[in-house]
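structure-v3.csv (CSV, C-alpha atoms)
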chain,number,residue,atom,x,y,z
A,26,MET,CA,0.0,0.0,0.0
A,27,SER,CA,1.4,3.3,-1.1
A,28,GLY,CA,1.9,6.2,1.3
A,29,TYR,CA,0.3,8.9,-1.2
A,30,ALA,CA,-3.4,9.7,-1.3
A,31,PRO,CA,-5.1,9.6,-4.8
A,32,THR,CA,-5.8,13.0,-6.6
A,33,PRO,CA,-9.6,13.7,-7.0
A,34,MET,CA,-9.3,14.5,-10.8
A,35,ARG,CA,-12.5,12.6,-11.6
A,36,ARG,CA,-14.5,15.0,-9.5
A,37,LEU,CA,-13.0,18.2,-11.0
A,38,LEU,CA,-13.3,17.3,-14.6
A,39,PRO,CA,-17.1,17.1,-14.9
A,40,LEU,CA,-17.6,20.5,-13.1
A,41,THR,CA,-15.1,22.2,-15.4
A,42,VAL,CA,-16.8,20.8,-18.5
A,43,LEU,CA,-20.2,22.0,-17.2
A,44,LEU,CA,-19.1,25.6,-16.6
A,45,VAL,CA,-17.4,25.9,-20.0
A,46,GLY,CA,-20.5,24.6,-21.7
A,47,LEU,CA,-22.7,27.1,-20.0
A,48,ALA,CA,-20.4,29.9,-20.9
A,49,SER,CA,-20.4,29.0,-24.5
A,50,ALA,CA,-24.1,28.2,-24.7
A,51,ALA,CA,-25.6,31.5,-23.1
A,52,PRO,CA,-24.5,34.6,-25.0
A,53,ALA,CA,-24.9,38.0,-23.3
A,54,ALA,CA,-28.5,39.3,-23.4
A,55,ALA,CA,-28.8,42.4,-25.7
A,56,GLN,CA,-31.3,45.1,-24.5
A,57,GLU,CA,-33.6,46.2,-27.3
A,58,PRO,CA,-33.5,50.1,-28.0
A,59,GLU,CA,-36.7,52.1,-27.1
A,60,PRO,CA,-38.8,52.7,-30.2
A,61,ARG,CA,-38.7,56.2,-31.7
A,62,ILE,CA,-41.3,58.4,-33.3
A,63,ALA,CA,-40.9,58.4,-37.1
A,64,PRO,CA,-38.9,61.3,-38.5
A,65,GLY,CA,-40.9,64.3,-39.6
A,66,VAL,CA,-43.8,63.7,-37.3
A,67,LYS,CA,-45.1,66.8,-35.4
A,68,ALA,CA,-47.3,67.5,-32.4
A,69,GLY,CA,-49.1,70.8,-32.4
A,70,GLY,CA,-46.6,72.0,-35.0
A,71,LEU,CA,-43.6,71.0,-32.9
A,72,ASP,CA,-41.2,68.5,-34.5
A,73,VAL,CA,-40.9,65.4,-32.3
A,74,GLY,CA,-39.5,63.0,-35.0
A,75,ASP,CA,-36.6,60.7,-34.0
A,76,LEU,CA,-37.5,61.1,-30.3
A,77,THR,CA,-38.7,58.4,-27.9
A,78,VAL,CA,-42.0,58.9,-26.3
A,79,GLY,CA,-40.3,60.1,-23.1
A,80,GLU,CA,-38.0,62.5,-24.9
A,81,ALA,CA,-41.0,63.9,-26.9
A,82,ALA,CA,-43.0,64.4,-23.7
A,83,VAL,CA,-40.2,66.4,-22.1
A,84,LYS,CA,-39.8,68.5,-25.3
A,85,LEU,CA,-43.6,69.2,-25.4
A,86,GLN,CA,-43.6,70.2,-21.7
A,87,SER,CA,-40.7,72.6,-22.0
A,88,THR,CA,-41.9,74.2,-25.2
A,89,TYR,CA,-45.7,74.4,-24.6
A,90,GLY,CA,-46.1,74.1,-20.9
A,91,PRO,CA,-45.0,77.6,-19.8
A,92,PRO,CA,-47.1,79.6,-22.3
A,93,LEU,CA,-50.1,77.2,-22.0
A,94,TYR,CA,-50.4,77.7,-18.3
A,95,ASN,CA,-50.5,81.5,-18.5
A,96,PRO,CA,-53.9,82.9,-17.3
A,97,VAL,CA,-56.2,84.0,-20.1
A,98,SER,CA,-56.9,87.8,-19.7
A,99,VAL,CA,-60.1,89.3,-21.1
A,100,HIS,CA,-60.0,93.1,-21.5
A,101,VAL,CA,-63.4,94.7,-22.0
A,102,ALA,CA,-64.7,98.3,-21.3
A,103,GLY,CA,-61.5,99.2,-19.5
A,104,ARG,CA,-61.7,96.2,-17.2
A,105,ARG,CA,-59.6,93.1,-17.0
A,106,PHE,CA,-60.8,89.6,-16.1
A,107,ARG,CA,-58.4,86.6,-15.5
A,108,LEU,CA,-59.2,83.0,-16.1
A,109,THR,CA,-56.5,80.9,-14.4
A,110,PRO,CA,-55.7,77.3,-15.3
A,111,LYS,CA,-57.1,76.2,-12.0
A,112,HIS,CA,-60.4,78.0,-12.7
A,113,SER,CA,-60.6,76.5,-16.2
A,114,GLY,CA,-59.6,73.0,-15.1
A,115,LEU,CA,-56.8,73.1,-17.7
A,116,SER,CA,-54.6,70.0,-18.2
A,117,PHE,CA,-51.9,69.1,-20.7
A,118,ASP,CA,-51.1,65.3,-21.1
A,119,THR,CA,-47.7,65.4,-22.8
A,120,VAL,CA,-47.2,61.6,-22.6
A,121,ARG,CA,-50.5,61.0,-24.3
A,122,THR,CA,-49.6,63.5,-26.9
A,123,ALA,CA,-46.2,61.8,-27.6
A,124,LYS,CA,-47.9,58.4,-27.8
A,125,ARG,CA,-50.4,59.9,-30.2
A,126,ALA,CA,-47.5,61.1,-32.4
A,127,TYR,CA,-45.8,57.7,-32.3
A,128,ARG,CA,-48.9,55.8,-33.4
A,129,ALA,CA,-49.6,58.3,-36.2
A,130,GLY,CA,-46.0,58.1,-37.5
A,131,ARG,CA,-46.3,54.4,-38.1
A,132,THR,CA,-48.7,55.1,-41.0
A,133,ASN,CA,-48.1,58.7,-41.8
A,134,PRO,CA,-44.5,60.1,-41.4
A,135,ALA,CA,-45.8,63.6,-42.2
A,136,ALA,CA,-48.5,63.6,-39.4
A,137,ASP,CA,-49.1,66.6,-37.2
A,138,VAL,CA,-51.2,65.4,-34.2
A,139,ALA,CA,-53.3,67.5,-31.9
A,140,LEU,CA,-52.1,68.3,-28.4
A,141,ALA,CA,-53.9,66.4,-25.6
A,142,ILE,CA,-55.2,69.5,-23.9
A,143,ALA,CA,-58.4,69.5,-21.9
A,144,TRP,CA,-60.5,71.9,-19.8
A,145,LYS,CA,-63.9,72.1,-18.2
A,146,PRO,CA,-66.4,73.6,-20.6
A,147,ALA,CA,-68.8,74.4,-17.8
A,148,LYS,CA,-66.2,76.6,-16.0
A,149,VAL,CA,-65.3,78.4,-19.2
A,150,ARG,CA,-69.0,79.0,-19.9
A,151,ALA,CA,-69.5,80.4,-16.3
A,152,PHE,CA,-66.5,82.7,-16.7
A,153,ALA,CA,-67.8,84.0,-20.1
A,154,ARG,CA,-71.2,84.7,-18.6
A,155,MET,CA,-69.7,86.5,-15.6
A,156,VAL,CA,-67.7,88.8,-17.9
A,157,ALA,CA,-70.7,89.5,-20.1
A,158,ARG,CA,-72.8,90.3,-17.0
A,159,ARG,CA,-70.2,92.6,-15.5
A,160,VAL,CA,-69.7,94.7,-18.7
A,161,HIS,CA,-73.4,94.8,-19.8
A,162,VAL,CA,-75.0,98.2,-20.2
A,163,ALA,CA,-78.8,97.9,-20.6
A,164,PRO,CA,-80.4,100.1,-23.2
A,165,ARG,CA,-82.7,102.9,-21.9
A,166,ASN,CA,-85.9,103.7,-23.6
A,167,ALA,CA,-86.8,107.2,-24.6
A,168,THR,CA,-89.5,108.6,-22.3
A,169,ILE,CA,-91.5,111.8,-21.8
A,170,ARG,CA,-92.1,114.1,-18.9
A,171,ILE,CA,-95.5,115.7,-18.9
A,172,THR,CA,-95.9,119.2,-17.5
A,173,LEU,CA,-99.0,121.4,-17.6
A,174,ARG,CA,-97.8,123.5,-20.6
A,175,ARG,CA,-95.5,121.2,-22.5
A,176,ILE,CA,-94.3,117.6,-23.1
A,177,VAL,CA,-90.6,117.1,-22.5
A,178,ARG,CA,-88.8,114.4,-24.4
A,179,ARG,CA,-86.1,112.4,-22.7
A,180,GLY,CA,-83.8,110.6,-25.2
A,181,GLY,CA,-83.0,106.9,-24.9
A,182,ARG,CA,-79.6,105.3,-24.5
A,183,ILE,CA,-77.8,102.7,-26.6
A,184,GLY,CA,-76.8,99.6,-24.6
A,185,ARG,CA,-73.7,97.5,-24.9
A,186,ALA,CA,-73.6,93.7,-24.7
A,187,LEU,CA,-70.9,91.0,-25.0
A,188,ASP,CA,-71.5,87.9,-27.1
A,189,VAL,CA,-71.0,85.1,-24.6
A,190,LYS,CA,-70.9,82.4,-27.2
A,191,ALA,CA,-68.2,84.2,-29.2
A,192,LEU,CA,-66.1,84.8,-26.1
A,193,ARG,CA,-66.3,81.1,-25.1
A,194,ALA,CA,-65.1,80.1,-28.6
A,195,ARG,CA,-62.2,82.5,-28.4
A,196,ILE,CA,-61.2,81.2,-25.0
A,197,ALA,CA,-61.4,77.6,-26.3
A,198,ARG,CA,-59.1,78.5,-29.2
A,199,THR,CA,-56.7,80.1,-26.8
A,200,LEU,CA,-56.6,77.2,-24.5
A,201,SER,CA,-56.0,74.7,-27.3
A,202,THR,CA,-53.2,76.8,-28.9
A,203,PRO,CA,-50.4,77.3,-26.4
A,204,LEU,CA,-48.5,79.9,-28.4
A,205,ALA,CA,-51.6,82.0,-29.1
A,206,THR,CA,-51.9,85.3,-27.2
A,207,HIS,CA,-53.6,84.9,-23.9
A,208,ALA,CA,-54.8,88.6,-23.9
A,209,LEU,CA,-58.2,88.8,-25.5
A,210,ARG,CA,-60.0,92.1,-26.3
A,211,PRO,CA,-63.5,91.2,-27.5
A,212,GLY,CA,-65.7,94.1,-28.5
A,213,ARG,CA,-69.3,94.7,-27.3
A,214,THR,CA,-72.2,95.0,-29.7
A,215,SER,CA,-74.7,97.9,-29.6
A,216,VAL,CA,-78.2,97.2,-28.3
A,217,LYS,CA,-80.8,99.7,-29.4
A,218,PRO,CA,-83.6,100.7,-27.1
A,219,ARG,CA,-87.1,99.5,-28.0
A,220,VAL,CA,-88.4,103.1,-27.8
A,221,THR,CA,-86.4,105.8,-29.4
A,222,ALA,CA,-87.0,109.6,-29.3
A,223,ASN,CA,-88.4,109.4,-32.8
A,224,ARG,CA,-91.1,107.0,-31.8
A,225,LEU,CA,-92.4,108.9,-28.8
A,226,ALA,CA,-94.8,111.0,-30.9
A,227,SER,CA,-96.4,107.9,-32.3
A,228,ILE,CA,-96.7,106.2,-28.9
A,229,TYR,CA,-98.1,109.2,-27.1
A,230,ARG,CA,-100.5,110.4,-29.7
A,231,THR,CA,-102.8,112.2,-27.2
A,232,ILE,CA,-102.2,113.7,-23.8
A,233,ILE,CA,-104.4,115.9,-21.6
A,234,THR,CA,-103.3,118.3,-18.8
A,235,VAL,CA,-105.6,120.1,-16.4
A,236,ASP,CA,-104.3,123.3,-14.8
A,237,ARG,CA,-106.5,123.8,-11.8
A,238,ALA,CA,-105.0,127.1,-10.8
A,239,HIS,CA,-105.7,128.7,-14.2
A,240,PHE,CA,-108.9,126.6,-15.1
A,241,ARG,CA,-107.3,125.4,-18.3
A,242,LEU,CA,-107.4,122.0,-20.0
A,243,ARG,CA,-104.8,121.5,-22.7
A,244,LEU,CA,-104.9,118.9,-25.4
A,245,PHE,CA,-101.6,117.6,-26.8
A,246,LYS,CA,-101.4,115.7,-30.1
A,247,ARG,CA,-98.1,114.0,-31.0
A,248,LEU,CA,-96.4,115.9,-28.1
A,249,ARG,CA,-97.5,119.3,-29.4
A,250,ILE,CA,-100.2,121.5,-28.0
A,251,SER,CA,-103.3,121.1,-30.1
A,252,LYS,CA,-106.2,122.9,-28.3
A,253,ARG,CA,-107.0,124.7,-25.1
A,254,TYR,CA,-110.3,124.7,-23.2
A,255,GLY,CA,-111.6,126.6,-20.2
A,256,VAL,CA,-112.9,124.4,-17.4
A,257,ALA,CA,-114.3,124.5,-13.9
A,258,VAL,CA,-112.7,122.4,-11.2
A,259,GLY,CA,-113.7,121.2,-7.7
A,260,ARG,CA,-114.6,123.4,-4.8
A,261,PRO,CA,-112.2,123.8,-1.9
A,262,ALA,CA,-114.3,121.3,0.1
A,263,TYR,CA,-114.4,118.8,-2.8
A,264,PRO,CA,-111.1,119.4,-4.7
A,265,THR,CA,-110.3,117.8,-8.0
A,266,PRO,CA,-107.7,115.1,-7.3
A,267,THR,CA,-104.2,115.7,-8.5
A,268,GLY,CA,-101.7,113.3,-10.2
A,269,LEU,CA,-101.2,111.4,-13.4
A,270,PHE,CA,-104.3,109.4,-14.4
A,271,SER,CA,-105.8,108.2,-17.7
A,272,ILE,CA,-109.2,108.2,-19.4
A,273,THR,CA,-110.8,104.9,-18.3
A,274,ASN,CA,-114.2,105.1,-20.0
A,275,LYS,CA,-116.3,107.3,-22.3
A,276,GLN,CA,-120.0,107.8,-22.7
A,277,VAL,CA,-122.4,109.8,-24.7
A,278,ASN,CA,-125.3,111.4,-22.7
A,279,PRO,CA,-124.4,109.4,-19.6
A,280,ALA,CA,-126.8,108.6,-16.8
A,281,TRP,CA,-125.9,110.1,-13.5
A,282,THR,CA,-126.0,108.2,-10.2
A,283,ALA,CA,-125.8,110.6,-7.3
A,284,PRO,CA,-123.1,109.5,-4.8
A,285,ASN,CA,-124.0,108.7,-1.2
A,286,SER,CA,-122.7,112.0,0.0
A,287,PRO,CA,-124.3,114.8,2.1
A,288,TRP,CA,-124.1,117.2,-0.7
A,289,ALA,CA,-126.3,115.0,-2.9
A,290,GLY,CA,-129.2,115.4,-0.4
A,291,GLU,CA,-132.3,113.5,-1.2
A,292,LEU,CA,-130.8,112.4,-4.6
A,293,ALA,CA,-128.1,110.3,-2.9
A,294,GLY,CA,-128.0,106.9,-4.5
A,295,THR,CA,-130.6,107.7,-7.2
A,296,THR,CA,-129.9,107.5,-10.9
A,297,THR,CA,-130.9,110.2,-13.4
A,298,PRO,CA,-131.2,109.1,-17.1
A,299,GLY,CA,-128.9,110.5,-19.7
A,300,GLY,CA,-130.1,113.6,-21.5
A,301,ALA,CA,-132.6,114.4,-18.7
A,302,ALA,CA,-132.9,118.1,-17.8
A,303,SER,CA,-131.9,117.4,-14.2
A,304,ASN,CA,-128.8,115.4,-15.2
A,305,PRO,CA,-125.7,117.5,-14.4
A,306,LEU,CA,-123.6,115.4,-16.8
A,307,ARG,CA,-124.3,117.0,-20.1
A,308,ALA,CA,-123.5,115.6,-23.6
A,309,ARG,CA,-120.3,113.6,-22.9
A,310,TRP,CA,-118.4,111.9,-20.1
A,311,MET,CA,-114.8,110.9,-19.9
A,312,GLY,CA,-114.1,109.0,-16.7
A,313,ILE,CA,-110.7,109.5,-14.9
A,314,THR,CA,-110.7,108.1,-11.3
A,315,ASN,CA,-113.0,107.3,-8.4
A,316,GLY,CA,-116.2,108.8,-10.0
A,317,VAL,CA,-114.3,111.9,-11.2
A,318,GLY,CA,-114.3,112.7,-14.9
A,319,ILE,CA,-114.6,115.4,-17.6
A,320,HIS,CA,-118.2,116.3,-18.6
A,321,GLY,CA,-120.3,119.0,-20.1
A,322,THR,CA,-122.3,121.2,-17.9
A,323,SER,CA,-125.5,123.3,-18.2
A,324,GLN,CA,-123.9,125.8,-15.8
A,325,GLU,CA,-121.5,127.2,-18.2
A,326,TRP,CA,-121.2,130.4,-16.2
A,327,SER,CA,-119.2,128.3,-13.7
A,328,ILE,CA,-116.3,127.8,-16.2
A,329,GLY,CA,-113.2,129.5,-14.8
A,330,SER,CA,-114.1,128.8,-11.1
A,331,ARG,CA,-114.0,126.2,-8.4
A,332,ALA,CA,-117.6,125.0,-8.6
A,333,SER,CA,-117.9,121.3,-8.9
A,334,HIS,CA,-117.8,118.4,-6.5
A,335,GLY,CA,-114.5,117.2,-7.9
A,336,CYS,CA,-115.2,116.7,-11.6
A,337,ILE,CA,-113.9,118.8,-14.5
A,338,ARG,CA,-116.7,120.8,-16.1
A,339,MET,CA,-116.6,122.0,-19.7
A,340,ARG,CA,-118.9,123.9,-22.0
A,341,VAL,CA,-121.1,121.5,-23.9
A,342,ALA,CA,-119.7,122.5,-27.3
A,343,ASP,CA,-116.1,122.1,-26.0
A,344,VAL,CA,-116.7,118.7,-24.4
A,345,ILE,CA,-118.3,117.4,-27.6
A,346,ASP,CA,-115.2,118.6,-29.5
A,347,LEU,CA,-112.8,117.1,-27.0
A,348,TYR,CA,-114.6,113.8,-26.8
A,349,ARG,CA,-113.9,112.8,-30.4
A,350,ARG,CA,-110.3,113.6,-30.1
A,351,VAL,CA,-109.5,111.6,-27.0
A,352,PRO,CA,-109.3,107.8,-26.9
A,353,VAL,CA,-109.6,105.6,-23.8
A,354,GLY,CA,-106.2,105.2,-22.2
A,355,THR,CA,-105.2,108.9,-22.8
A,356,PRO,CA,-102.8,110.1,-20.1
A,357,VAL,CA,-104.3,112.9,-17.9
A,358,LEU,CA,-102.1,115.1,-15.7
A,359,ILE,CA,-103.9,117.2,-13.1
A,360,ARG,CA,-102.0,119.8,-11.1

Translate the structure of the given file into structure tokens.
Amino acid sequence: MSGYAPTPMRRLLPLTVLLVGLASAAPAAAQEPEPRIAPGVKAGGLDVGDLTVGEAAVKLQSTYGPPLYNPVSVHVAGRRFRLTPKHSGLSFDTVRTAKRAYRAGRTNPAADVALAIAWKPAKVRAFARMVARRVHVAPRNATIRITLRRIVRRGGRIGRALDVKALRARIARTLSTPLATHALRPGRTSVKPRVTANRLASIYRTIITVDRAHFRLRLFKRLRISKRYGVAVGRPAYPTPTGLFSITNKQVNPAWTAPNSPWAGELAGTTTPGGAASNPLRARWMGITNGVGIHGTSQEWSIGSRASHGCIRMRVADVIDLYRRVPVGTPVLIR
């Protein structure tokens, strides 16, 4: 028996062969390059060709992000209104835009895709309405001021209005176009009043004024004095009411119902037929207010005095002449 131990060669050989085989059978794994957008493809006019999706997203953000997120300023009538990205709900998805460019470039190397920009239409609509409301100037109709001796015309005013729909459209275009100016200066349109000074004469064709102090009734036609009549008015104890009234009714040879008043005496509550000799309402009646009206009288000597129980007396010929000139609804100013 030898004094040397045997060498374990049979154990080492199989392991060496296995390692060499594995090294030769497994080549180094090669990492595939990230796909790139086709050359010439654009996004919102910006060239993103030959870039990866990530690189394109960075370029889109750096180019369009700063101007896009500027507030939109609306200047109207010397006032400024600001719509911030927060208020509009604005968002810009650069990765989505880049992916859109990548997909489009696979079939169309000359594609120019839209930017993935979004906002909340309801908020833009509310902003536009607010601006329009703040700068709105309502038109003012022409009117008249009635005095005892003349009719004074008061001219109307042109209004101003902002087109809400047009403003919304301009804001939408601005939000979707980052490099567009964010300072908008929309104009207002003119709004004409329904009643102009030129129409007043046709609207107020007839007006009556009663001057109690001078016992004068004036008839105006188309805002110009047409005729003057002498009248009698109420006694101090039964004054003719003052104010602006209108002709409420008209009658030919009206019946007269005596009021339940002490001055009516035994006639209180009774009715006298029209045309009767005892009827104090002669020929014509034009009612004004609360039983007070314009009528003819047989006591023509009272014209020019305070003689009635509130009514406006006229000579019979005069009241017949006035009656045909005055329609129901005619304004009556009594002072």

Original post:
Residues at most 10 Å from Leu204 (chain A), counting only C-alpha atoms, excluding those fewer than 2 positions away in the same chain, as a PyMOL selection string?
Top reply: chain A and resi 69+88-93+199-202+206-207

Original post:
Residues at most 12 Å from Thr132 (chain A), counting all atoms listed in the file, excluding those fewer than 5 positions away in the same chain, as a PyMOL selection string?
Top reply: chain A and resi 62-64+66+125-127

Export C-alpha atoms of the chosen residues as a PDB file, keeping the file's coordinate frame?
ATOM      1  CA  ILE A  62     -41.300  58.400 -33.300  1.00  0.00           C
ATOM      2  CA  ALA A  63     -40.900  58.400 -37.100  1.00  0.00           C
ATOM      3  CA  PRO A  64     -38.900  61.300 -38.500  1.00  0.00           C
ATOM      4  CA  VAL A  66     -43.800  63.700 -37.300  1.00  0.00           C
ATOM      5  CA  ARG A 125     -50.400  59.900 -30.200  1.00  0.00           C
ATOM      6  CA  ALA A 126     -47.500  61.100 -32.400  1.00  0.00           C
ATOM      7  CA  TYR A 127     -45.800  57.700 -32.300  1.00  0.00           C
TER       8      TYR A 127
END

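For the set A:Leu347, A:Met339, A:Ile359, A:Leu209, the residue with the smallest atom-to-atom gap to Thr314 (chain A) is A:Ile359, counting only C-alpha atoms.
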
Would you list the contacts of Trp326 (chain A) as a CSV table (one decimal) with C-alpha atoms, keeping the file's coordinate frame, taking every protein, DNA or RNA residue within 12 Å and counting only C-alpha atoms, but skipping same-chain residues closer than 6 positions in sequence?
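Listed below is the output, out13.csv:
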chain,number,residue,atom,x,y,z
A,255,GLY,CA,-111.6,126.6,-20.2
A,256,VAL,CA,-112.9,124.4,-17.4
A,257,ALA,CA,-114.3,124.5,-13.9
A,332,ALA,CA,-117.6,125.0,-8.6
A,338,ARG,CA,-116.7,120.8,-16.1
A,339,MET,CA,-116.6,122.0,-19.7
A,340,ARG,CA,-118.9,123.9,-22.0
A,341,VAL,CA,-121.1,121.5,-23.9

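From CA of Thr172 (chain A) back to CA of Ile345 (chain A), the distance works out to 24.6 Å.
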
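Minimum atom-to-atom distances from A:Gly299, A:Gly70, A:Pro279, A:Gly184 to Ile319 (chain A) were compared using only C-alpha atoms, and the lowest value belongs to A:Pro279.
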
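Counting all atoms listed in the file and comparing A:Lys246, A:Arg219, A:His320, A:Arg309, the residue that lies closest to Asn278 (chain A) is A:Arg309.
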
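Omitting Pro298 (chain A) and its sequence neighbours fewer than 4 positions away, and counting only C-alpha atoms, the residues within 9 Å are Asn278, Pro279, Ala280, Trp281, Thr282, Ser303 and Asn304 of chain A.
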
Original post:
Taking into account all atoms listed in the file, which residue in the set A:Ile328, A:Ala205, A:Ile169, A:Val344 is nearest to Leu244 (chain A)?
Top reply: A:Val344

**OP:** Please identify all polymer residues within 9 Å of Ala143 (chain A), counting all atoms listed in the file, omitting same-chain residues fewer than 3 positions from it, and present them as a PyMOL selection string.
**Re:** chain A and resi 114-118+200-201
